[in-house]
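Okay, input34.txt is below, compact mmCIF, C-alpha atoms:
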# COMPACT_ATOMS: atom_id res chain seq x y z
CA MET A 9 147.68 155.14 93.70
CA ILE A 10 146.68 158.57 95.04
CA SER A 11 148.95 160.30 97.53
CA LEU A 12 148.18 163.03 100.04
CA GLN A 13 150.69 165.48 101.41
CA LEU A 14 151.46 165.64 105.12
CA SER A 15 151.04 169.40 104.79
CA ASP A 16 147.41 168.89 103.68
CA LEU A 17 146.68 167.12 106.94
CA ALA A 18 148.60 169.75 108.90
CA ARG A 19 146.46 172.55 107.45
CA MET A 20 143.26 170.67 108.29
CA LEU A 21 144.43 170.18 111.87
CA GLY A 22 145.87 173.69 112.24
CA VAL A 23 149.38 172.54 113.12
CA ALA A 24 152.79 172.90 111.50
CA VAL A 25 154.76 170.22 109.68
CA GLN A 26 157.87 169.26 111.62
CA GLY A 27 160.73 168.25 109.34
CA ALA A 28 160.14 167.94 105.60
CA ASP A 29 156.78 167.56 103.91
CA ALA A 30 156.04 164.03 102.69
CA PRO A 31 153.64 162.23 100.34
CA ILE A 32 151.33 159.78 102.13
CA THR A 33 149.69 156.77 100.48
CA GLY A 34 148.12 155.01 103.47
CA LEU A 35 147.32 155.04 107.17
CA ALA A 36 148.29 152.75 110.04
CA ILE A 37 147.78 152.82 113.81
CA ASP A 38 149.57 149.52 114.44
CA SER A 39 153.31 149.47 113.66
CA ARG A 40 152.99 145.84 112.55
CA ALA A 41 150.54 146.86 109.82
CA VAL A 42 152.68 149.66 108.38
CA THR A 43 153.54 149.48 104.68
CA THR A 44 155.80 151.76 102.66
CA GLY A 45 154.36 155.25 102.33
CA ASP A 46 151.97 155.05 105.29
CA LEU A 47 151.29 157.71 107.84
CA PHE A 48 151.76 156.12 111.26
CA VAL A 49 149.48 157.65 113.88
CA ALA A 50 150.64 156.84 117.39
CA ILE A 51 147.56 156.20 119.53
CA ARG A 52 147.85 156.22 123.30
CA GLY A 53 145.58 153.51 124.70
CA ASP A 54 144.89 152.15 128.16
CA ARG A 55 147.59 149.48 127.85
CA VAL A 56 149.84 150.54 124.97
CA ASP A 57 151.30 153.87 123.84
CA GLY A 58 151.83 153.98 120.09
CA SER A 59 154.70 156.42 120.53
CA ASP A 60 156.77 153.50 121.82
CA PHE A 61 156.54 151.90 118.37
CA ILE A 62 157.51 154.83 116.15
CA GLU A 63 160.96 153.41 115.37
CA LYS A 64 159.40 150.10 114.33
CA ALA A 65 156.91 151.92 112.12
CA LEU A 66 159.71 153.86 110.44
CA ALA A 67 161.67 150.67 109.90
CA ARG A 68 158.67 149.20 108.07
CA GLY A 69 158.50 152.17 105.71
CA ALA A 70 156.30 154.80 107.37
CA ALA A 71 156.67 158.08 105.48
CA ALA A 72 155.59 160.29 108.37
CA VAL A 73 154.33 160.18 111.94
CA VAL A 74 151.57 161.83 113.95
CA SER A 75 151.92 161.83 117.74
CA SER A 76 150.51 163.63 120.75
CA GLN A 77 154.07 163.79 122.09
CA ALA A 78 156.75 166.09 120.71
CA LEU A 79 159.40 164.10 118.81
CA SER A 80 163.10 164.80 118.73
CA GLN A 81 163.62 163.00 115.41
CA THR A 82 163.99 165.02 112.22
CA ILE A 83 161.49 162.80 110.45
CA PRO A 84 158.37 164.32 108.83
CA HIS A 85 155.82 164.50 111.64
CA LEU A 86 152.96 166.38 113.24
CA THR A 87 152.41 166.98 116.93
CA VAL A 88 148.70 167.08 117.76
CA ALA A 89 146.52 167.28 120.85
CA ASP A 90 144.45 164.24 119.90
CA SER A 91 145.72 161.47 117.63
CA GLY A 92 142.18 160.14 117.09
CA THR A 93 141.14 163.49 115.62
CA ALA A 94 144.12 163.28 113.27
CA CYS A 95 142.94 159.86 112.07
CA ALA A 96 139.47 161.24 111.36
CA ALA A 97 140.95 164.18 109.47
CA PHE A 98 143.07 161.86 107.34
CA GLY A 99 139.97 159.79 106.61
CA ARG A 100 138.15 162.89 105.42
CA LEU A 101 141.06 163.86 103.16
CA ALA A 102 141.14 160.37 101.65
CA ARG A 103 137.38 160.48 101.11
CA ALA A 104 137.63 163.89 99.41
CA SER A 105 140.13 162.47 96.92
CA PHE A 106 137.80 159.60 95.94
CA ASP A 107 135.39 159.82 93.01
CA GLY A 108 133.83 156.35 93.27
CA VAL A 109 130.84 155.21 95.32
CA ILE A 110 130.73 154.63 99.09
CA VAL A 111 128.17 152.40 100.80
CA GLY A 112 127.77 152.81 104.56
CA ILE A 113 126.29 149.94 106.61
CA THR A 114 125.02 150.02 110.18
CA GLY A 115 122.69 148.06 112.45
CA SER A 116 122.65 146.25 115.78
CA ALA A 117 123.46 142.87 114.22
CA GLY A 118 124.65 141.53 110.88
CA LYS A 119 126.88 144.45 109.83
CA THR A 120 129.96 142.35 109.18
CA THR A 121 128.07 139.66 107.27
CA ALA A 122 126.13 142.17 105.15
CA LYS A 123 129.41 143.98 104.46
CA ALA A 124 131.02 140.72 103.35
CA PHE A 125 128.11 139.97 101.00
CA LEU A 126 128.15 143.43 99.46
CA ALA A 127 131.95 143.59 99.15
CA ALA A 128 131.86 140.25 97.34
CA ILE A 129 129.17 141.47 94.94
CA CYS A 130 131.01 144.71 94.23
CA GLY A 131 134.27 142.80 93.85
CA CYS A 132 132.71 140.75 91.07
CA THR A 133 132.08 144.01 89.24
CA ASP A 134 135.09 146.27 89.85
CA ARG A 135 137.87 147.04 92.32
CA THR A 136 136.46 147.27 95.84
CA VAL A 137 137.75 148.08 99.30
CA ALA A 138 135.87 147.28 102.50
CA THR A 139 136.18 147.37 106.27
CA ASP A 140 138.58 144.78 107.63
CA GLY A 141 137.03 142.58 110.32
CA ASN A 142 135.09 144.73 112.75
CA GLN A 143 137.08 147.97 112.32
CA ASN A 144 133.88 149.99 112.42
CA ASN A 145 134.58 152.68 115.03
CA GLU A 146 136.19 156.14 115.07
CA LEU A 147 139.62 154.64 114.38
CA GLY A 148 138.57 151.79 112.10
CA VAL A 149 136.57 153.89 109.64
CA PRO A 150 139.55 156.18 108.83
CA LEU A 151 141.62 153.05 108.17
CA THR A 152 138.98 151.92 105.67
CA LEU A 153 138.78 155.35 104.05
CA ALA A 154 142.57 155.40 103.69
CA LYS A 155 142.23 152.41 101.36
CA LEU A 156 140.41 154.71 98.93
CA LEU A 157 143.84 156.07 97.99
CA SER A 158 144.27 152.87 95.97
CA ALA A 159 141.56 154.29 93.65
CA PRO A 160 138.91 151.53 93.67
CA GLN A 161 135.45 151.94 92.22
CA PHE A 162 133.55 150.91 95.36
CA GLY A 163 134.07 151.37 99.09
CA VAL A 164 132.00 149.41 101.63
CA VAL A 165 132.22 150.95 105.09
CA GLU A 166 130.84 149.30 108.21
CA MET A 167 129.79 151.70 111.00
CA GLY A 168 129.27 150.81 114.66
CA ALA A 169 128.20 152.87 117.66
CA ALA A 170 128.98 152.97 121.35
CA GLN A 171 126.83 156.03 122.08
CA ARG A 172 124.51 158.61 120.54
CA GLY A 173 126.25 160.63 117.84
CA ASP A 174 128.74 157.95 116.82
CA ILE A 175 126.99 156.99 113.60
CA ALA A 176 126.54 160.66 112.65
CA HIS A 177 130.28 161.21 113.19
CA LEU A 178 131.26 158.23 111.04
CA LYS A 179 128.74 159.03 108.32
CA ASN A 180 129.96 162.62 108.07
CA MET A 181 133.48 161.24 107.66
CA ALA A 182 132.64 158.63 105.01
CA LEU A 183 129.91 160.56 103.17
CA PRO A 184 128.23 157.47 101.69
CA GLN A 185 126.01 157.87 98.65
CA ILE A 186 124.19 154.66 99.63
CA VAL A 187 123.34 153.80 103.24
CA VAL A 188 122.13 150.47 104.63
CA LEU A 189 120.26 150.25 107.94
CA LEU A 190 119.88 146.60 108.88
CA ASN A 191 118.04 146.72 112.21
CA ALA A 192 117.84 148.13 115.73
CA LEU A 193 117.83 145.37 118.34
CA GLU A 194 118.34 144.97 122.07
CA ALA A 195 122.11 144.36 121.75
CA HIS A 196 124.01 146.77 124.05
CA VAL A 197 120.76 148.25 125.37
CA GLY A 198 122.44 148.58 128.76
CA ARG A 199 124.94 150.98 127.22
CA PHE A 200 122.34 153.03 125.32
CA GLY A 201 119.72 153.11 128.05
CA SER A 202 116.74 152.10 125.92
CA LEU A 203 115.78 150.51 122.62
CA ASP A 204 114.43 153.89 121.48
CA ASN A 205 117.93 155.34 121.87
CA ILE A 206 119.31 152.52 119.72
CA VAL A 207 116.66 153.19 117.06
CA ALA A 208 117.57 156.88 117.05
CA THR A 209 121.32 156.23 116.98
CA LYS A 210 121.21 153.78 114.09
CA GLY A 211 118.92 156.20 112.28
CA GLU A 212 121.66 158.84 112.26
CA ILE A 213 122.96 157.23 109.07
CA LEU A 214 119.80 158.50 107.33
CA ASP A 215 120.23 162.17 108.17
CA GLY A 216 121.19 164.69 105.51
CA LEU A 217 120.59 162.43 102.52
CA SER A 218 119.91 164.00 99.12
CA PRO A 219 117.55 163.06 96.28
CA SER A 220 120.47 161.27 94.61
CA SER A 221 121.15 159.17 97.74
CA VAL A 222 119.82 155.64 98.26
CA ALA A 223 118.62 154.34 101.64
CA VAL A 224 118.39 150.56 101.94
CA LEU A 225 115.97 149.72 104.76
CA ASN A 226 114.67 146.57 106.44
CA ALA A 227 110.95 146.32 105.71
CA ASP A 228 110.51 143.71 108.46
CA GLN A 229 111.53 146.15 111.19
CA SER A 230 108.81 147.94 113.16
CA ASN A 231 110.77 151.18 112.61
CA PHE A 232 110.64 150.96 108.81
CA ALA A 233 108.13 153.77 108.38
CA LEU A 234 109.99 155.99 110.86
CA TRP A 235 113.29 155.40 109.10
CA SER A 236 111.75 155.89 105.64
CA ALA A 237 110.50 159.31 106.67
CA ARG A 238 113.88 160.18 108.21
CA ALA A 239 115.68 159.21 104.99
CA GLN A 240 113.70 161.61 102.79
CA PRO A 241 114.30 162.81 100.10
CA ALA A 242 116.50 159.78 99.29
CA ARG A 243 115.35 156.88 97.14
CA ILE A 244 114.21 153.98 99.35
CA ILE A 245 114.98 150.35 98.47
CA SER A 246 113.43 147.93 100.96
CA PHE A 247 114.44 144.38 101.75
CA GLY A 248 112.96 141.66 103.90
CA TRP A 249 110.72 138.63 104.10
CA THR A 250 107.49 140.59 103.75
CA THR A 251 105.84 140.56 100.33
CA ALA A 252 105.89 144.37 100.39
CA ALA A 253 109.71 144.51 100.18
CA ASP A 254 111.49 145.43 96.94
CA VAL A 255 114.05 142.69 97.55
CA ARG A 256 112.47 139.70 99.24
CA VAL A 257 112.45 135.96 99.82
CA VAL A 258 110.13 133.97 97.60
CA GLY A 259 111.14 130.54 98.88
CA GLU A 260 113.72 128.97 101.19
CA ARG A 261 115.07 125.51 101.97
CA SER A 262 117.36 125.44 105.00
CA ASN A 263 120.46 123.24 105.01
CA GLY A 264 121.09 123.90 108.69
CA PHE A 265 124.47 125.36 109.49
CA ALA A 266 125.59 124.59 105.93
CA GLY A 267 123.41 127.46 104.70
CA SER A 268 120.28 127.53 102.60
CA GLN A 269 118.88 127.49 99.09
CA VAL A 270 116.76 130.58 98.53
CA GLU A 271 114.58 131.97 95.81
CA LEU A 272 114.77 135.76 95.75
CA ASP A 273 112.79 138.48 94.07
CA LEU A 274 115.35 141.18 93.27
CA ASN A 275 113.09 144.10 92.49
CA GLY A 276 111.22 142.08 89.87
CA SER A 277 113.92 139.60 88.85
CA ASN A 278 113.57 136.10 90.32
CA VAL A 279 116.81 134.21 91.03
CA SER A 280 117.94 131.08 92.87
CA VAL A 281 120.88 131.48 95.26
CA ARG A 282 122.89 128.95 97.29
CA LEU A 283 123.97 130.70 100.48
CA CYS A 284 126.72 129.27 102.69
CA VAL A 285 125.90 131.60 105.60
CA PRO A 286 123.36 129.84 107.85
CA GLY A 287 120.01 130.85 109.24
CA LYS A 288 117.31 133.39 108.59
CA ALA A 289 119.65 136.18 109.67
CA GLY A 290 122.11 135.12 106.98
CA VAL A 291 119.40 135.32 104.36
CA THR A 292 118.33 138.75 105.61
CA ASN A 293 121.88 140.07 105.38
CA ALA A 294 122.12 138.71 101.84
CA LEU A 295 118.91 140.55 100.98
CA ALA A 296 120.34 143.80 102.33
CA ALA A 297 123.49 143.41 100.25
CA ALA A 298 121.47 142.59 97.14
CA ALA A 299 119.31 145.67 97.68
CA ALA A 300 122.39 147.87 98.02
CA ALA A 301 123.83 146.33 94.86
CA ILE A 302 120.64 147.20 93.00
CA GLY A 303 121.11 150.76 94.22
CA LEU A 304 124.61 150.64 92.75
CA GLY A 305 123.22 149.49 89.40
CA ILE A 306 124.94 146.08 89.57
CA GLY A 307 123.41 143.34 87.43
CA VAL A 308 121.56 140.32 88.78
CA ASP A 309 124.20 137.82 87.61
CA LYS A 310 126.94 139.60 89.58
CA ILE A 311 124.68 139.79 92.64
CA VAL A 312 124.13 136.02 92.59
CA GLU A 313 127.84 135.35 91.97
CA GLY A 314 128.85 137.53 94.90
CA LEU A 315 126.27 136.15 97.33
CA GLU A 316 127.22 132.55 96.57
CA SER A 317 130.94 133.21 97.13
CA VAL A 318 130.65 134.28 100.80
CA LYS A 319 131.41 131.86 103.61
CA PRO A 320 131.09 132.47 107.38
CA VAL A 321 134.21 133.87 109.02
CA ALA A 322 135.76 132.51 112.20
CA GLY A 323 133.62 133.15 115.27
CA ARG A 324 130.55 134.14 113.27
CA GLY A 325 128.88 130.83 112.53
CA ASN A 326 131.67 128.98 110.75
CA THR A 327 131.39 125.20 110.80
CA VAL A 328 134.29 122.99 111.89
CA SER A 329 134.32 119.18 111.53
CA LEU A 330 136.04 117.40 114.41
CA ARG A 331 136.97 113.80 115.19
CA ASP A 332 134.20 111.23 115.74
CA GLY A 333 131.82 113.23 113.57
CA VAL A 334 131.47 116.10 116.07
CA MET A 335 130.29 119.23 114.27
CA LEU A 336 131.34 122.48 115.96
CA ILE A 337 129.53 125.73 115.15
CA ASP A 338 131.79 128.59 116.18
CA ASP A 339 129.56 131.61 116.83
CA SER A 340 131.67 132.79 119.76
CA TYR A 341 132.38 136.32 118.53
CA ASN A 342 129.31 137.97 120.06
CA ALA A 343 125.75 137.42 121.27
CA SER A 344 122.45 139.19 121.83
CA PRO A 345 119.02 137.74 122.60
CA SER A 346 117.94 137.97 118.97
CA SER A 347 121.13 136.42 117.56
CA VAL A 348 121.15 133.63 120.16
CA ILE A 349 117.55 132.70 119.36
CA ALA A 350 118.35 132.74 115.63
CA ALA A 351 121.32 130.41 116.16
CA LEU A 352 119.24 128.09 118.34
CA ASP A 353 116.63 127.87 115.59
CA VAL A 354 119.28 126.56 113.21
CA LEU A 355 120.67 124.21 115.86
CA SER A 356 117.20 122.75 116.42
CA ASN A 357 117.16 121.60 112.78
CA SER A 358 120.63 120.02 112.96
CA LYS A 359 121.54 116.38 113.49
CA THR A 360 121.20 114.96 117.00
CA PRO A 361 122.46 114.89 119.66
CA ARG A 362 122.75 118.68 120.00
CA THR A 363 124.45 120.82 122.64
CA ALA A 364 124.26 124.59 123.04
CA VAL A 365 127.26 126.08 124.85
CA LEU A 366 125.97 129.51 125.82
CA ALA A 367 127.77 132.25 127.75
CA ASP A 368 126.44 135.52 129.13
CA MET A 369 124.94 138.10 126.80
CA LEU A 370 126.46 141.32 128.11
CA GLU A 371 125.36 144.98 128.13
CA LEU A 372 121.65 144.24 128.43
CA GLY A 373 120.99 146.57 131.35
CA ASP A 374 118.22 146.05 133.90
CA GLU A 375 116.49 143.38 131.78
CA ALA A 376 119.57 141.14 131.51
CA VAL A 377 118.21 138.40 133.76
CA SER A 378 114.85 138.40 131.98
CA TYR A 379 116.52 138.07 128.56
CA HIS A 380 118.51 135.05 129.72
CA GLN A 381 115.40 133.45 131.21
CA GLN A 382 113.60 133.93 127.89
CA VAL A 383 116.40 132.13 126.08
CA GLY A 384 116.12 129.24 128.52
CA ARG A 385 112.38 128.92 127.98
CA TYR A 386 112.89 129.09 124.21
CA ILE A 387 115.37 126.21 124.34
CA SER A 388 112.72 124.11 126.09
CA LYS A 389 110.39 124.58 123.12
CA LEU A 390 113.06 123.50 120.63
CA GLY A 391 113.90 120.14 122.17
CA ILE A 392 117.68 120.64 122.13
CA GLU A 393 119.23 117.81 124.15
CA ARG A 394 121.82 119.61 126.30
CA VAL A 395 122.79 123.10 127.43
CA ILE A 396 126.15 124.14 128.87
CA ALA A 397 125.72 127.52 130.53
CA VAL A 398 128.76 129.70 131.22
CA GLY A 399 128.60 132.80 133.44
CA GLU A 400 126.43 134.19 136.20
CA LEU A 401 123.73 135.47 133.84
CA SER A 402 123.68 132.27 131.83
CA ARG A 403 122.82 130.35 134.99
CA HIS A 404 119.31 131.72 134.36
CA ILE A 405 119.29 130.03 130.94
CA GLY A 406 119.97 126.65 132.53
CA ASP A 407 117.48 127.26 135.33
CA HIS A 408 114.68 127.95 132.86
CA CYS A 409 115.18 125.20 130.29
CA SER A 410 114.02 121.60 130.42
CA PRO A 411 117.00 119.84 128.73
CA GLN A 412 120.00 118.57 130.67
CA SER A 413 121.90 121.64 131.85
CA ILE A 414 125.48 121.98 133.09
CA TYR A 415 126.72 125.22 134.64
CA PHE A 416 130.20 126.77 134.80
CA GLN A 417 131.06 130.06 136.47
CA ASP A 418 133.27 131.26 133.60
CA ALA A 419 135.28 130.10 130.61
CA ASP A 420 138.21 129.09 132.82
CA ALA A 421 135.98 126.68 134.73
CA LEU A 422 134.60 125.32 131.46
CA LEU A 423 138.10 124.76 130.10
CA GLY A 424 139.16 123.07 133.32
CA ALA A 425 136.23 120.64 133.21
CA CYS A 426 136.78 119.60 129.57
CA PRO A 427 133.22 118.37 128.92
CA THR A 428 132.96 115.45 126.51
CA PHE A 429 130.82 115.16 123.40
CA SER A 430 129.13 112.18 121.80
CA LYS A 431 129.85 110.75 118.39
CA ASN A 432 128.21 112.84 115.63
CA GLU A 433 127.13 115.53 118.11
CA THR A 434 126.35 119.07 116.89
CA VAL A 435 127.78 121.72 119.23
CA LEU A 436 126.87 125.41 119.04
CA VAL A 437 129.19 127.80 120.91
CA LYS A 438 127.84 131.32 121.39
CA GLY A 439 128.35 134.16 123.87
CA SER A 440 129.38 137.79 124.17
CA ARG A 441 132.97 138.48 123.22
CA GLY A 442 133.90 139.42 126.77
CA MET A 443 133.09 135.88 127.92
CA ARG A 444 136.00 134.53 125.81
CA LEU A 445 134.34 131.37 124.53
CA ASP A 446 136.81 131.53 121.62
CA ARG A 447 139.28 129.85 123.98
CA PHE A 448 136.89 126.92 124.36
CA VAL A 449 136.58 126.70 120.56
CA ASP A 450 140.38 126.59 120.30
CA ALA A 451 140.53 123.86 122.95
CA MET A 452 137.90 121.77 121.15
CA THR A 453 139.61 122.04 117.77
CA SER A 454 142.96 121.21 119.34
CA SER A 455 141.77 118.16 121.29
CA LEU A 456 139.41 116.69 118.70
CA GLY A 457 141.33 117.43 115.50
CA GLU A 458 140.11 120.13 113.15
CA THR A 459 139.05 119.94 109.54
CA THR A 460 137.35 123.21 108.61
CA CYS A 461 134.46 122.85 106.17
Kindly present the structure from the file in structure tokens form.
Amino acid sequence: MISLQLSDLARMLGVAVQGADAPITGLAIDSRAVTTGDLFVAIRGDRVDGSDFIEKALARGAAAVVSSQALSQTIPHLTVADSGTACAAFGRLARASFDGVIVGITGSAGKTTAKAFLAAICGCTDRTVATDGNQNNELGVPLTLAKLLSAPQFGVVEMGAAQRGDIAHLKNMALPQIVVLLNALEAHVGRFGSLDNIVATKGEILDGLSPSSVAVLNADQSNFALWSARAQPARIISFGWTTAADVRVVGERSNGFAGSQVELDLNGSNVSVRLCVPGKAGVTNALAAAAAAIGLGIGVDKIVEGLESVKPVAGRGNTVSLRDGVMLIDDSYNASPSSVIAALDVLSNSKTPRTAVLADMLELGDEAVSYHQQVGRYISKLGIERVIAVGELSRHIGDHCSPQSIYFQDADALLGACPTFSKNETVLVKGSRGMRLDRFVDAMTSSLGETTC
């Protein structure tokens, strides 16, 4: 275990240590997550002020505290203008102490799944740390970098963006030797203003690479050539379904939401892989992870072992068996037009009867209504038996699809109605996180009896 001194962070921030200096072996911004030796950084949010939890953090073993408020305690602490800046500085210090390899992953969709695949592959090879859940922002990335103090060989860092410059900020903090750019899609286009802005923002991960860097790029994306040029002089490893990709699909047999059996060409080595993550998007994310692993010099056997070990996490396509043979597909964590269409493709190949419970796709800007109408028309082509639309925007899905459609204003109305499902029905639940369809998933598993596959 590597330790940093509180005084090192103080010098970087240009402030003085209050109380004694202290060795730091970790970072926490939630008092409940504090372990012995951690630096607790008190973050003031819209609803909670971390300074109110300093005593609890100390009781759990925090070695020192950073706060934007002056503290009367004699504990080792720093008083700073911005606690978030202190987190970023600590992340940079932890990164500077690390002599292993960092892989940075970004994209509009699939980041968490690709991260899980790559972390599993690396974990089959040597000690690995990776982003927990979706901690991929300006506070989450420092938490991941703090794990480098445990001296692993590999770090897998997921990077998200809310605006232009975010990826550049996170990349400059993590300094990855290998970067993975999955895609640039219409998700959150309302926030970014245009798809071109999303393309440019995701491309920030490619800036400043060296000849020793590796850029893993999606050869199926229309921006592949643009991104390849932006990544120069790094080595490019491409992945995708096109025959031109370095890491590509040779053959596939879908098993619906249970996953797929795929034949892959891993830069000249052909392998067979049983994936538990469903759909074409799952295969694509596996390809990206395999390409990054090749960049790391990991052998084919370990790549296959890692890919086959990954299962969908809750809310991201995990399958739950319920009473009377009802099969629930919980994809309630988030939604965009591309991801909804991909999930519907898998649903269309599942056992009948089939119901799609779809809530609003948020942050789509001026084209939001059009995107929902497109999803409705796409459902009509697939022959899915029933649609349950939740939210004002999703009303347009129901209005533009031919199957039986039921509409609810929001998740509360859906929960109040308690719609019933037929024996052996397959039910897909998908919507943007803000629509809270996870509550409907909880209600279904509670009322129909859960046995997770």
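Comparing A:Glu212, A:Glu433, A:Asp407, A:Glu393 by their smallest distance to Lys359 of chain A, the closest is A:Glu433 (using only C-alpha atoms).
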Given the choices A:Gln269, A:Asn191, A:Thr114, A:Ser158, which gets closest to Ile175 of chain A if the distance is worked out from all atoms listed in the file? A:Thr114
Contacts of segment 338-353 of chain A within 8 Å, all atoms listed in the file, excl. fewer than 3 positions in-chain, as a count of residues only: 35
So which residues touch Ala128 of chain A within 12 Å, counting only C-alpha atoms, skipping near sequence neighbours fewer than 4 positions away, as a ChimeraX atom specification? /A:121-124,132-138,162-164,294,297-298,301,306,310-319
Please tabulate, as a Markdown table, the residues of segment 134-229 of chain A that come within 9 Å of segment 99-111 of chain A, each with its closest pair of atoms and the distance in Å to one decimal, counting all atoms listed in the file and ordering rows by chain, then residue number upward.
| residue | atom | partner | partner_atom | distance |
| --- | --- | --- | --- | --- |
| A:Val149 | CA | A:Gly99 | CA | 7.5 |
| A:Pro150 | CA | A:Gly99 | CA | 4.3 |
| A:Leu151 | CA | A:Gly99 | CA | 7.1 |
| A:Thr152 | CA | A:Gly99 | CA | 8.0 |
| A:Leu153 | CA | A:Gly99 | CA | 5.3 |
| A:Ala154 | CA | A:Ala102 | CA | 5.6 |
| A:Lys155 | CA | A:Ala102 | CA | 8.0 |
| A:Leu156 | CA | A:Phe106 | CA | 6.3 |
| A:Leu157 | CA | A:Ala102 | CA | 6.3 |
| A:Ala159 | CA | A:Phe106 | CA | 6.9 |
| A:Pro160 | CA | A:Gly108 | CA | 7.0 |
| A:Gln161 | CA | A:Gly108 | CA | 4.8 |
| A:Phe162 | CA | A:Val109 | CA | 5.1 |
| A:Gly163 | CA | A:Ile110 | CA | 4.7 |
| A:Val164 | CA | A:Val111 | CA | 4.9 |
| A:Val165 | CA | A:Val111 | CA | 6.1 |
| A:Glu166 | CA | A:Val111 | CA | 8.5 |
| A:Asn180 | CA | A:Arg100 | CA | 8.6 |
| A:Met181 | CA | A:Arg100 | CA | 5.4 |
| A:Ala182 | CA | A:Arg103 | CA | 6.4 |
| A:Leu183 | CA | A:Ile110 | CA | 7.2 |
| A:Pro184 | CA | A:Ile110 | CA | 4.6 |
| A:Gln185 | CA | A:Ile110 | CA | 5.7 |
| A:Ile186 | CA | A:Val111 | CA | 4.7 |
| A:Val187 | CA | A:Val111 | CA | 5.6 |
| A:Val188 | CA | A:Val111 | CA | 7.4 |
Who sits within 8 Å of segment 220-228 of chain A, only C-alpha atoms, same chain under 3 positions skipped, as a ChimeraX atom specification: /A:185-191,214,217,232,235-236,239,242-250,252-253,296,299-300,303
Could I get segment 394-406 of chain A rebuilt with N, CA and C atoms, written as a PDB file, in the frame of the given file?
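part.pdb, written as the output of this step:
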ATOM      1  N   ARG A 394     120.967 119.228 125.163  1.00  0.00           N
ATOM      2  CA  ARG A 394     121.820 119.610 126.300  1.00  0.00           C
ATOM      3  C   ARG A 394     122.215 121.078 126.184  1.00  0.00           C
ATOM      4  N   VAL A 395     122.335 121.719 127.338  1.00  0.00           N
ATOM      5  CA  VAL A 395     122.790 123.100 127.430  1.00  0.00           C
ATOM      6  C   VAL A 395     123.972 123.162 128.394  1.00  0.00           C
ATOM      7  N   ILE A 396     125.029 123.833 127.973  1.00  0.00           N
ATOM      8  CA  ILE A 396     126.150 124.140 128.870  1.00  0.00           C
ATOM      9  C   ILE A 396     126.163 125.644 129.037  1.00  0.00           C
ATOM     10  N   ALA A 397     125.836 126.091 130.240  1.00  0.00           N
ATOM     11  CA  ALA A 397     125.720 127.520 130.530  1.00  0.00           C
ATOM     12  C   ALA A 397     126.990 128.027 131.205  1.00  0.00           C
ATOM     13  N   VAL A 398     127.491 129.169 130.726  1.00  0.00           N
ATOM     14  CA  VAL A 398     128.760 129.700 131.220  1.00  0.00           C
ATOM     15  C   VAL A 398     128.560 131.154 131.644  1.00  0.00           C
ATOM     16  N   GLY A 399     128.743 131.433 132.941  1.00  0.00           N
ATOM     17  CA  GLY A 399     128.600 132.800 133.440  1.00  0.00           C
ATOM     18  C   GLY A 399     127.412 132.949 134.371  1.00  0.00           C
ATOM     19  N   GLU A 400     127.477 133.973 135.198  1.00  0.00           N
ATOM     20  CA  GLU A 400     126.430 134.190 136.200  1.00  0.00           C
ATOM     21  C   GLU A 400     125.065 134.438 135.569  1.00  0.00           C
ATOM     22  N   LEU A 401     125.021 135.218 134.493  1.00  0.00           N
ATOM     23  CA  LEU A 401     123.730 135.470 133.840  1.00  0.00           C
ATOM     24  C   LEU A 401     123.212 134.218 133.147  1.00  0.00           C
ATOM     25  N   SER A 402     124.109 133.461 132.555  1.00  0.00           N
ATOM     26  CA  SER A 402     123.680 132.270 131.830  1.00  0.00           C
ATOM     27  C   SER A 402     123.161 131.171 132.748  1.00  0.00           C
ATOM     28  N   ARG A 403     123.430 131.280 134.034  1.00  0.00           N
ATOM     29  CA  ARG A 403     122.820 130.350 134.990  1.00  0.00           C
ATOM     30  C   ARG A 403     121.292 130.390 134.838  1.00  0.00           C
ATOM     31  N   HIS A 404     120.761 131.578 134.511  1.00  0.00           N
ATOM     32  CA  HIS A 404     119.310 131.720 134.360  1.00  0.00           C
ATOM     33  C   HIS A 404     118.810 131.006 133.099  1.00  0.00           C
ATOM     34  N   ILE A 405     119.679 130.823 132.104  1.00  0.00           N
ATOM     35  CA  ILE A 405     119.290 130.030 130.940  1.00  0.00           C
ATOM     36  C   ILE A 405     119.074 128.583 131.368  1.00  0.00           C
ATOM     37  N   GLY A 406     120.070 128.033 132.071  1.00  0.00           N
ATOM     38  CA  GLY A 406     119.970 126.650 132.530  1.00  0.00           C
ATOM     39  C   GLY A 406     118.821 126.424 133.487  1.00  0.00           C
TER      40      GLY A 406
END
